[in-house]
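J.: coords34.tsv is the file, holding TSV, C-alpha atoms:
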```
chain	number	residue	atom	x	y	z
A	10	MET	CA	54.72	98.00	109.76
A	11	GLY	CA	53.45	100.32	107.04
A	12	LEU	CA	55.44	102.92	105.11
A	13	PHE	CA	54.00	105.82	107.17
A	14	ASP	CA	54.80	104.06	110.44
A	15	ARG	CA	58.39	103.43	109.36
A	16	TRP	CA	58.77	107.07	108.31
A	17	MET	CA	57.42	108.34	111.67
A	18	GLU	CA	59.77	105.98	113.49
A	19	SER	CA	62.72	107.32	111.49
A	20	LEU	CA	62.10	110.83	112.89
A	21	ASP	CA	62.91	109.61	116.38
A	22	TYR	CA	66.46	108.97	117.48
A	23	GLU	CA	68.68	108.01	120.36
A	24	PHE	CA	72.28	109.06	120.89
A	25	GLN	CA	74.68	106.16	120.52
A	26	ILE	CA	78.40	105.42	120.58
A	27	LEU	CA	79.81	104.44	117.19
A	28	LYS	CA	82.42	101.76	116.58
A	29	THR	CA	84.86	104.54	115.67
A	30	CYS	CA	85.20	105.23	119.41
A	31	SER	CA	88.83	104.69	120.45
A	32	ARG	CA	87.71	102.22	123.14
A	33	TYR	CA	86.13	100.09	120.41
A	34	GLN	CA	89.33	100.32	118.40
A	35	SER	CA	91.65	99.11	121.16
A	36	PRO	CA	91.36	97.68	124.69
A	37	PHE	CA	94.35	99.87	125.60
A	38	SER	CA	92.39	103.10	125.07
A	39	SER	CA	92.06	105.20	128.22
A	40	CYS	CA	89.67	107.85	126.87
A	41	THR	CA	86.81	108.78	129.23
A	42	LYS	CA	85.84	112.17	127.81
A	43	CYS	CA	82.21	111.27	127.07
A	44	LEU	CA	81.77	109.85	130.58
A	45	ASP	CA	83.43	112.85	132.20
A	46	SER	CA	81.23	115.31	130.28
A	47	CYS	CA	77.88	113.66	131.16
A	48	GLU	CA	76.32	115.32	134.20
A	49	MET	CA	73.43	112.82	134.15
A	50	ASN	CA	75.77	109.80	134.41
A	51	ALA	CA	73.98	108.36	131.40
A	52	ILE	CA	77.16	106.83	129.99
A	53	PHE	CA	78.85	103.81	131.52
A	54	LEU	CA	81.54	101.34	130.52
A	55	LYS	CA	80.44	97.85	129.57
A	56	ASP	CA	83.34	95.47	128.94
A	57	GLY	CA	85.56	98.54	128.67
A	58	LYS	CA	83.38	100.23	126.03
A	59	PRO	CA	81.09	103.27	126.59
A	60	VAL	CA	77.35	102.75	126.33
A	61	ILE	CA	74.58	105.37	126.56
A	62	GLN	CA	71.54	104.61	128.73
A	63	PRO	CA	68.60	106.16	126.78
A	64	ASN	CA	66.36	106.42	129.86
A	65	GLN	CA	68.90	108.70	131.58
A	66	CYS	CA	70.15	110.62	128.54
A	67	THR	CA	68.71	114.14	128.13
A	68	GLU	CA	70.26	114.53	124.66
A	69	CYS	CA	72.09	117.67	125.77
A	70	GLY	CA	74.91	116.90	123.32
A	71	ASP	CA	77.81	117.63	125.71
A	72	CYS	CA	79.32	114.22	125.03
A	73	ILE	CA	79.30	114.96	121.29
A	74	ALA	CA	81.19	118.20	121.86
A	75	GLU	CA	83.83	116.48	123.99
A	76	CYS	CA	84.42	113.31	121.94
A	77	PRO	CA	87.81	113.71	120.20
A	78	VAL	CA	86.92	111.33	117.36
A	79	GLN	CA	83.25	112.35	116.77
A	80	ALA	CA	82.12	108.87	117.79
A	81	VAL	CA	78.91	109.96	119.55
A	82	GLU	CA	76.12	109.98	116.98
A	83	GLY	CA	73.43	112.61	117.39
A	84	PHE	CA	72.95	116.38	117.52
A	85	TYR	CA	75.55	118.52	119.22
A	86	PRO	CA	74.36	121.11	121.79
A	87	LYS	CA	71.77	123.61	120.58
A	88	ARG	CA	72.91	127.20	121.13
A	89	ARG	CA	71.15	130.52	120.64
A	90	ILE	CA	72.96	132.77	118.19
A	91	ILE	CA	71.48	136.08	117.03
A	92	GLU	CA	73.20	138.19	114.38
A	93	HIS	CA	76.64	136.63	115.06
A	94	VAL	CA	76.18	137.05	118.83
A	95	PHE	CA	76.35	133.98	121.08
A	96	ILE	CA	73.66	134.15	123.79
A	97	ALA	CA	75.29	133.08	127.06
A	98	GLU	CA	73.57	130.41	129.08
A	99	GLU	CA	74.23	129.28	132.63
A	100	LYS	CA	76.98	126.92	131.50
A	101	PRO	CA	79.62	127.88	128.89
A	102	PRO	CA	80.02	125.71	125.78
A	103	SER	CA	83.17	123.70	125.20
A	104	ILE	CA	86.24	125.53	123.90
A	105	LYS	CA	86.08	123.39	120.76
A	106	GLU	CA	82.48	124.47	120.12
A	107	MET	CA	83.19	128.16	120.53
A	108	LEU	CA	86.20	128.03	118.23
A	109	GLY	CA	83.96	126.44	115.62
A	110	TYR	CA	81.29	129.12	116.09
A	111	TYR	CA	83.96	131.83	115.91
A	112	GLN	CA	85.07	130.63	112.48
A	113	THR	CA	81.46	130.78	111.27
A	114	GLY	CA	81.19	134.47	112.23
A	115	VAL	CA	80.35	134.57	115.94
A	116	THR	CA	82.46	137.36	117.46
A	117	SER	CA	80.54	138.39	120.59
A	118	VAL	CA	78.92	136.87	123.68
A	119	TYR	CA	75.78	138.43	125.15
A	120	PHE	CA	75.15	138.29	128.91
A	121	HIS	CA	71.83	139.18	130.58
A	122	ASN	CA	73.65	140.00	133.79
A	123	LYS	CA	76.80	142.12	134.11
A	124	GLU	CA	77.97	139.91	136.96
A	125	LEU	CA	79.70	137.07	135.16
A	126	SER	CA	80.04	133.74	136.92
A	127	GLU	CA	83.52	132.44	137.75
A	128	GLU	CA	82.97	129.63	135.25
A	129	TRP	CA	82.30	132.09	132.44
A	130	LYS	CA	85.26	134.25	133.47
A	131	ARG	CA	87.58	131.25	133.26
A	132	PHE	CA	86.04	130.26	129.93
A	133	LEU	CA	86.49	133.71	128.37
A	134	LYS	CA	90.09	133.87	129.59
A	135	GLU	CA	90.87	130.49	128.07
A	136	ILE	CA	89.06	131.01	124.76
A	137	ASN	CA	90.64	134.44	124.23
A	138	SER	CA	94.06	133.00	125.04
A	139	LYS	CA	93.57	130.37	122.33
A	140	LEU	CA	92.27	132.95	119.86
A	141	ALA	CA	95.40	135.03	120.48
A	142	GLN	CA	97.53	131.98	119.67
A	143	LEU	CA	95.53	131.64	116.44
A	144	ASN	CA	96.19	135.33	115.63
A	145	GLU	CA	92.47	136.10	115.92
A	146	GLU	CA	90.66	138.93	117.71
A	147	ALA	CA	89.29	138.25	121.20
A	148	LEU	CA	85.58	137.59	121.75
A	149	MET	CA	83.70	140.76	122.68
A	150	ILE	CA	81.24	140.97	125.57
A	151	GLN	CA	77.81	142.56	125.13
A	152	PHE	CA	75.18	143.40	127.70
A	153	GLU	CA	72.69	144.76	125.18
A	154	LEU	CA	71.39	143.30	121.95
A	155	GLN	CA	70.96	145.68	119.07
A	156	LYS	CA	67.44	145.38	117.70
A	157	GLN	CA	67.26	145.03	113.95
A	158	GLU	CA	64.44	146.82	112.17
A	159	GLU	CA	62.31	144.02	110.74
A	160	LYS	CA	61.50	145.18	107.26
A	161	MET	CA	61.60	142.86	104.31
A	162	THR	CA	61.46	143.44	100.60
A	163	ARG	CA	59.19	141.17	98.58
A	164	ARG	CA	62.24	139.19	97.43
A	165	GLU	CA	63.37	138.77	101.06
A	166	VAL	CA	59.89	137.57	102.07
A	167	PHE	CA	59.95	134.83	99.43
A	168	SER	CA	63.52	133.95	100.47
A	169	PHE	CA	62.39	133.73	104.11
A	170	TRP	CA	59.52	131.42	103.20
A	171	LYS	CA	61.86	129.27	101.13
A	172	LYS	CA	64.30	128.92	104.04
A	173	GLY	CA	61.44	128.12	106.39
A	174	ALA	CA	60.15	125.43	104.09
A	175	ALA	CA	63.64	123.95	103.74
A	176	THR	CA	64.00	123.87	107.52
A	177	THR	CA	60.66	122.09	107.86
A	178	VAL	CA	61.68	119.52	105.27
A	179	ARG	CA	64.96	118.92	107.11
A	180	GLN	CA	63.13	118.46	110.42
A	181	MET	CA	60.77	115.96	108.82
A	182	ALA	CA	63.64	113.99	107.27
A	183	PRO	CA	64.91	110.84	109.01
A	184	ALA	CA	66.93	111.75	112.11
A	185	LYS	CA	70.13	110.11	110.88
A	186	TRP	CA	70.09	112.38	107.82
A	187	ARG	CA	70.18	115.37	110.15
A	188	PHE	CA	72.85	114.23	112.61
A	189	ASN	CA	75.65	116.81	112.84
A	190	HIS	CA	78.12	115.18	115.22
A	191	GLN	CA	80.85	115.48	112.56
A	192	ASN	CA	80.71	119.30	112.57
A	193	LEU	CA	83.17	119.85	115.43
A	194	GLU	CA	86.41	118.99	113.64
A	195	LEU	CA	88.66	122.00	114.32
A	196	ALA	CA	91.01	121.04	111.49
A	197	HIS	CA	88.21	122.03	109.08
A	198	TYR	CA	87.96	125.53	110.59
A	199	PHE	CA	91.64	126.37	111.19
A	200	LYS	CA	93.43	124.78	108.28
A	201	GLU	CA	96.79	126.44	108.93
A	202	TYR	CA	97.07	125.39	112.56
A	203	GLN	CA	97.37	122.31	114.73
A	204	PHE	CA	96.00	122.05	118.25
A	205	LYS	CA	98.10	119.14	119.48
A	206	GLU	CA	101.78	118.34	119.50
A	207	ILE	CA	102.98	114.77	118.97
A	208	GLU	CA	106.42	113.97	120.32
A	209	LEU	CA	108.32	110.75	119.70
A	210	ASP	CA	111.08	109.38	121.90
A	211	GLU	CA	113.27	107.80	119.23
A	212	SER	CA	115.24	105.82	121.81
A	213	LYS	CA	112.06	103.97	122.87
A	214	CYS	CA	110.28	103.49	119.53
A	215	THR	CA	110.49	99.92	118.17
A	216	LEU	CA	108.86	100.77	114.81
A	217	CYS	CA	105.98	98.37	115.48
A	218	LYS	CA	103.70	100.69	113.43
A	219	ALA	CA	100.71	100.24	115.78
A	220	CYS	CA	100.29	104.03	115.89
A	221	GLU	CA	100.00	104.21	112.10
A	222	MET	CA	97.54	101.31	111.93
A	223	LEU	CA	95.17	102.70	114.60
A	224	CYS	CA	95.30	106.46	113.95
A	225	ARG	CA	92.11	107.39	112.05
A	226	LYS	CA	93.45	110.91	111.44
A	227	ASN	CA	96.50	109.61	109.51
A	228	CYS	CA	98.99	111.45	111.71
A	229	PHE	CA	101.67	108.76	111.26
A	230	HIS	CA	103.22	107.48	108.05
A	231	PHE	CA	106.07	104.98	107.77
A	232	SER	CA	108.26	104.54	104.73
A	233	GLU	CA	111.43	102.48	104.38
A	234	THR	CA	113.59	105.45	105.36
A	235	GLU	CA	111.37	107.82	107.37
A	236	LEU	CA	108.61	108.14	109.93
A	237	THR	CA	106.54	111.23	109.19
A	238	ILE	CA	104.35	112.69	111.95
A	239	SER	CA	101.75	115.37	111.19
A	240	ALA	CA	99.70	116.67	114.12
A	241	LYS	CA	97.49	118.92	111.98
A	242	THR	CA	94.51	116.57	112.13
A	243	CYS	CA	95.23	115.21	115.62
A	244	THR	CA	92.24	115.58	117.95
A	245	GLY	CA	93.90	114.18	121.05
A	246	CYS	CA	92.13	110.84	121.33
A	247	MET	CA	95.39	109.52	122.86
A	248	LEU	CA	94.99	106.12	121.20
A	249	CYS	CA	98.51	106.19	119.73
A	250	ALA	CA	100.02	106.94	123.14
A	251	ASP	CA	97.81	104.34	124.84
A	252	ILE	CA	98.65	101.59	122.36
A	253	CYS	CA	102.40	102.25	122.45
A	254	GLN	CA	103.80	99.64	124.85
A	255	GLU	CA	107.15	101.43	124.96
A	256	LYS	CA	105.56	104.77	125.99
A	257	ALA	CA	107.43	106.44	123.15
A	258	ILE	CA	104.60	108.83	122.17
A	259	THR	CA	103.51	111.93	124.06
A	260	ILE	CA	100.52	114.13	123.12
A	261	THR	CA	100.22	117.65	124.52
A	262	ASP	CA	97.95	120.65	123.93
A	263	ASN	CA	99.83	123.21	121.89
A	264	ILE	CA	98.40	125.58	119.29
A	265	GLN	CA	100.93	126.34	116.58
A	266	ARG	CA	101.31	126.56	112.84
A	267	ALA	CA	100.73	123.17	111.25
A	268	SER	CA	104.00	121.39	110.59
A	269	THR	CA	105.37	117.96	109.80
A	270	ARG	CA	108.12	116.21	111.70
A	271	ILE	CA	110.33	113.74	109.90
A	272	HIS	CA	112.22	111.08	111.84
A	273	HIS	CA	114.89	109.32	109.83
A	274	LEU	CA	115.13	105.55	110.09
A	275	TYR	CA	118.55	103.91	110.23
A	276	GLN	CA	119.70	100.59	108.84
A	277	LYS	CA	121.77	98.88	111.52
A	278	LYS	CA	123.49	95.59	112.35
A	279	CYS	CA	122.72	94.09	115.74
A	280	SER	CA	125.80	93.91	117.97
A	281	SER	CA	124.43	90.76	119.63
A	282	CYS	CA	122.92	88.56	116.92
A	283	HIS	CA	124.50	90.39	113.95
A	284	ALA	CA	121.15	90.50	112.10
A	285	ALA	CA	120.17	93.56	110.06
A	286	PHE	CA	117.47	95.77	111.61
A	287	THR	CA	115.93	99.22	111.27
A	288	SER	CA	115.95	101.71	114.12
A	289	ALA	CA	114.54	105.18	114.80
A	290	SER	CA	117.63	105.96	116.86
A	291	HIS	CA	121.04	106.45	115.25
A	292	VAL	CA	122.79	105.31	118.44
A	293	GLU	CA	120.91	102.01	118.84
A	294	GLU	CA	123.18	98.98	118.55
A	295	GLU	CA	120.83	96.07	119.33
A	296	CYS	CA	117.71	94.86	117.57
A	297	VAL	CA	114.39	94.79	119.41
A	298	ARG	CA	114.45	90.99	119.79
A	299	CYS	CA	117.83	90.94	121.55
A	300	LYS	CA	116.91	93.89	123.79
A	301	LYS	CA	113.65	92.23	124.83
A	302	MET	CA	115.38	88.91	125.52
A	303	LYS	CA	117.84	90.65	127.81
A	304	GLN	CA	115.07	92.53	129.58
A	305	TYR	CA	113.02	89.35	130.14
A	306	GLY	CA	116.15	87.45	131.20
A	307	SER	CA	116.94	90.13	133.75
A	308	PHE	CA	113.33	90.10	134.99
A	309	LEU	CA	113.33	86.31	135.37
A	310	GLY	CA	116.65	86.43	137.17
```
Would you kindly transcribe this structure into structure tokens?
T.:
Amino acid sequence: MGLFDRWMESLDYEFQILKTCSRYQSPFSSCTKCLDSCEMNAIFLKDGKPVIQPNQCTECGDCIAECPVQAVEGFYPKRRIIEHVFIAEEKPPSIKEMLGYYQTGVTSVYFHNKELSEEWKRFLKEINSKLAQLNEEALMIQFELQKQEEKMTRREVFSFWKKGAATTVRQMAPAKWRFNHQNLELAHYFKEYQFKEIELDESKCTLCKACEMLCRKNCFHFSETELTISAKTCTGCMLCADICQEKAITITDNIQRASTRIHHLYQKKCSSCHAAFTSASHVEEECVRCKKMKQYGSFLG
């Protein structure tokens, strides 16, 4: 294959699931958000891992918008935006998308028809509720687009040509250089807020540290004396809750000011085997080994 042929081939692309997908990280992952978002049923599970069927994929980008860990490689949905106005289509975008657009200056939604669909009504109610929680103004609704007088100074003409040339160069660059699936990280847009709440049941936690090892957003940090939990970067992939065999972790949707929770760890002496152990609960009297042995003994009769 010649250089030109390889370059032409690089312009083409297919959406694919990256190994950063939570289902690739752990067999305990229960995430199905990419499958649930695909109206073409182009994504299926193979050996518990999501795979995209290229012959059925329309490259709409909905799966990219829904993936909590940005593990779908490709281009997220193309939307029409004119002068900071989002042009409404038949189907609303995801809440995550619109919050991202809002932080880049989009403050209004334009509708061709004054009769809004029930789906759009529900969407606007939800997005404006979340904006209120973020202390932001609600999205405005427009039924007319203000026409801008198209006059350019000579400097603006050259600037326009320069931007056009840059766009052409980007479009002719290899597809992977242009992928933007990482652009939907809400933590980048709302730095003072968190969108999830992580709760820990101290009486169930065994300090196995699986949550810390698997969390790619670094929400968990263990030291000798503390477990620190920061939900600021949490995207709700649920992997920590799925991997926790004790069901000690709960993730819920909750927009609030970003904060850090500190759980103190206690040095204890097991009442059964008298060995030293560390516990997240100040009332725990037995080490994990002794508790498990009693549970298994009870189960076996």
J.: Let me make sure I understand: among A:Met49, A:Ile91, A:Cys228, A:Ala97, which one has the smallest atom-to-atom distance to Glu128 of chain A if we use only C-alpha atoms?
T.: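 When distances to Glu128 of chain A are compared using only C-alpha atoms, the smallest one comes from A:Ala97.
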J.: I'd like to know which of A:Gln155, A:Ser31, A:Gln25, A:Gln254 is closest to Ile73 of chain A, using all atoms listed in the file.
T.: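 Going through A:Gln155, A:Ser31, A:Gln25, A:Gln254 one by one, the smallest distance to Ile73 of chain A is for A:Gln25.
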J.: State, in Å with one decimal place, the distance from atom CA of Ile104 of chain A to atom CA of Ser268 of chain A.
T.: 22.6 Å
J.: One number please: atom CA of Cys217 of chain A to atom CA of Lys205 of chain A, in Å, one decimal.
T.: 22.6 Å
J.: What lies within 10 Å of Gln34 of chain A using only C-alpha atoms, ignoring chain neighbours under 3 positions off, as a list in words?
T.: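 Here the qualifying residues turn out to be Lys28, Thr29, Cys30, Ser31, Phe37, Ser38, Lys58, Leu223, Cys224, Arg225 and Leu248 of chain A.
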J.: Could you make a table, as JSON lines, of the residues of segment 181-241 of chain A that have an atom within 12 Å of an atom of segment 132-143 of chain A, each with its nearest atom pair and distance in Å to one decimal, counting only C-alpha atoms, in chain and number order?
T.:
```
{"residue": "A:Tyr198", "atom": "CA", "partner": "A:Leu143", "partner_atom": "CA", "distance": 11.4}
{"residue": "A:Phe199", "atom": "CA", "partner": "A:Leu143", "partner_atom": "CA", "distance": 8.4}
{"residue": "A:Lys200", "atom": "CA", "partner": "A:Leu143", "partner_atom": "CA", "distance": 10.9}
{"residue": "A:Glu201", "atom": "CA", "partner": "A:Leu143", "partner_atom": "CA", "distance": 9.2}
{"residue": "A:Tyr202", "atom": "CA", "partner": "A:Leu143", "partner_atom": "CA", "distance": 7.5}
{"residue": "A:Gln203", "atom": "CA", "partner": "A:Leu143", "partner_atom": "CA", "distance": 9.7}
{"residue": "A:Phe204", "atom": "CA", "partner": "A:Lys139", "partner_atom": "CA", "distance": 9.6}
```
J.: Which of these, A:Cys220, A:Cys43, A:Ala267, A:Cys279, has the shortest distance to Glu255 of chain A once you count all atoms listed in the file?
T.: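 Closest candidate: A:Cys220.
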J.: Let me make sure I understand: among A:Leu54, A:Ala219, A:Ala284, A:Ile96, which one has the smallest atom-to-atom distance to Val297 of chain A if we use all atoms listed in the file?
T.: A:Ala284
J.: Looking at all atoms listed in the file, which of A:Thr259, A:Glu206, A:Gln79, A:Ile271 is the one that sits closest to Ala240 of chain A?
T.: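 Using all atoms listed in the file, the shortest distance to Ala240 of chain A belongs to A:Glu206.
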J.: For Thr67 of chain A, list every protein, DNA or RNA residue within 10 Å, evaluated using only C-alpha atoms, and leave out those in the same chain fewer than 5 positions away; present the list as a PyMOL selection string.
T.: chain A and resi 23-24+47-49+51+62
J.: Just want the 9 Å neighbourhood of segment 109-112 of chain A, counted on all atoms listed in the file, with same-chain residues fewer than 6 positions away dropped. Output as an mmCIF file with C-alpha atoms, keeping the file's coordinate frame.
T.:
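Saved as result.cif:
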```
data_model
loop_
_atom_site.group_PDB
_atom_site.id
_atom_site.type_symbol
_atom_site.label_atom_id
_atom_site.label_comp_id
_atom_site.auth_asym_id
_atom_site.auth_seq_id
_atom_site.Cartn_x
_atom_site.Cartn_y
_atom_site.Cartn_z
ATOM 1 C CA HIS A 93 76.640 136.630 115.060
ATOM 2 C CA PHE A 95 76.350 133.980 121.080
ATOM 3 C CA LEU A 148 85.580 137.590 121.750
ATOM 4 C CA ASN A 192 80.710 119.300 112.570
ATOM 5 C CA LEU A 193 83.170 119.850 115.430
ATOM 6 C CA GLU A 194 86.410 118.990 113.640
ATOM 7 C CA LEU A 195 88.660 122.000 114.320
ATOM 8 C CA HIS A 197 88.210 122.030 109.080
ATOM 9 C CA TYR A 198 87.960 125.530 110.590
ATOM 10 C CA PHE A 199 91.640 126.370 111.190
#
```
J.: Pick out the residues sitting within 7 Å of Phe152 of chain A, and hand them over as a ChimeraX atom specification; count all atoms listed in the file, and ignore anything fewer than 3 positions along from it in its own chain.
T.: /A:119-121,123
J.: Which value, in Å to one decimal, gives the distance between atom CA of Pro86 of chain A and atom CA of Glu106 of chain A?
T.: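 Atom CA of Glu106 of chain A lies at a distance of 8.9 Å from atom CA of Pro86 of chain A.
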J.: Smallest atom-to-atom distance to Arg298 of chain A: which of A:Ile260, A:Glu92, A:Thr215, A:Lys277, using only C-alpha atoms?
T.: A:Thr215
J.: Output as a PDB file, in the coordinates of the input: segment 288-300 of chain A, completed with N, CA, C and O atoms.
T.:
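Printed below is result39.pdb as written:
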```pdb
ATOM      1  N   SER A 288     116.154 101.038 112.850  1.00  0.00           N
ATOM      2  CA  SER A 288     115.950 101.710 114.120  1.00  0.00           C
ATOM      3  C   SER A 288     115.617 103.190 113.907  1.00  0.00           C
ATOM      4  O   SER A 288     116.070 103.795 112.928  1.00  0.00           O
ATOM      5  N   ALA A 289     114.846 103.749 114.844  1.00  0.00           N
ATOM      6  CA  ALA A 289     114.540 105.180 114.800  1.00  0.00           C
ATOM      7  C   ALA A 289     115.633 105.987 115.476  1.00  0.00           C
ATOM      8  O   ALA A 289     115.650 107.218 115.388  1.00  0.00           O
ATOM      9  N   SER A 290     116.539 105.301 116.153  1.00  0.00           N
ATOM     10  CA  SER A 290     117.630 105.960 116.860  1.00  0.00           C
ATOM     11  C   SER A 290     118.963 105.645 116.188  1.00  0.00           C
ATOM     12  O   SER A 290     119.291 104.475 115.950  1.00  0.00           O
ATOM     13  N   HIS A 291     119.766 106.665 115.934  1.00  0.00           N
ATOM     14  CA  HIS A 291     121.040 106.450 115.250  1.00  0.00           C
ATOM     15  C   HIS A 291     122.099 105.854 116.174  1.00  0.00           C
ATOM     16  O   HIS A 291     123.137 105.377 115.719  1.00  0.00           O
ATOM     17  N   VAL A 292     121.810 105.839 117.491  1.00  0.00           N
ATOM     18  CA  VAL A 292     122.790 105.310 118.440  1.00  0.00           C
ATOM     19  C   VAL A 292     122.453 103.887 118.878  1.00  0.00           C
ATOM     20  O   VAL A 292     123.221 103.272 119.625  1.00  0.00           O
ATOM     21  N   GLU A 293     121.318 103.358 118.440  1.00  0.00           N
ATOM     22  CA  GLU A 293     120.910 102.010 118.840  1.00  0.00           C
ATOM     23  C   GLU A 293     121.843 100.970 118.220  1.00  0.00           C
ATOM     24  O   GLU A 293     122.152 101.029 117.029  1.00  0.00           O
ATOM     25  N   GLU A 294     122.253  99.997 119.031  1.00  0.00           N
ATOM     26  CA  GLU A 294     123.180  98.980 118.550  1.00  0.00           C
ATOM     27  C   GLU A 294     122.593  97.576 118.561  1.00  0.00           C
ATOM     28  O   GLU A 294     123.175  96.658 117.971  1.00  0.00           O
ATOM     29  N   GLU A 295     121.440  97.396 119.255  1.00  0.00           N
ATOM     30  CA  GLU A 295     120.830  96.070 119.330  1.00  0.00           C
ATOM     31  C   GLU A 295     119.442  96.086 118.726  1.00  0.00           C
ATOM     32  O   GLU A 295     118.707  97.077 118.837  1.00  0.00           O
ATOM     33  N   CYS A 296     119.058  94.974 118.119  1.00  0.00           N
ATOM     34  CA  CYS A 296     117.710  94.860 117.570  1.00  0.00           C
ATOM     35  C   CYS A 296     116.701  94.687 118.704  1.00  0.00           C
ATOM     36  O   CYS A 296     117.076  94.383 119.847  1.00  0.00           O
ATOM     37  N   VAL A 297     115.439  94.862 118.390  1.00  0.00           N
ATOM     38  CA  VAL A 297     114.390  94.790 119.410  1.00  0.00           C
ATOM     39  C   VAL A 297     114.357  93.407 120.056  1.00  0.00           C
ATOM     40  O   VAL A 297     114.214  93.278 121.278  1.00  0.00           O
ATOM     41  N   ARG A 298     114.525  92.368 119.263  1.00  0.00           N
ATOM     42  CA  ARG A 298     114.450  90.990 119.790  1.00  0.00           C
ATOM     43  C   ARG A 298     115.514  90.771 120.866  1.00  0.00           C
ATOM     44  O   ARG A 298     115.223  90.242 121.949  1.00  0.00           O
ATOM     45  N   CYS A 299     116.745  91.147 120.589  1.00  0.00           N
ATOM     46  CA  CYS A 299     117.830  90.940 121.550  1.00  0.00           C
ATOM     47  C   CYS A 299     117.634  91.789 122.816  1.00  0.00           C
ATOM     48  O   CYS A 299     117.900  91.323 123.926  1.00  0.00           O
ATOM     49  N   LYS A 300     117.151  93.031 122.629  1.00  0.00           N
ATOM     50  CA  LYS A 300     116.910  93.890 123.790  1.00  0.00           C
ATOM     51  C   LYS A 300     115.831  93.308 124.680  1.00  0.00           C
ATOM     52  O   LYS A 300     115.953  93.293 125.914  1.00  0.00           O
TER      53      LYS A 300
END
```
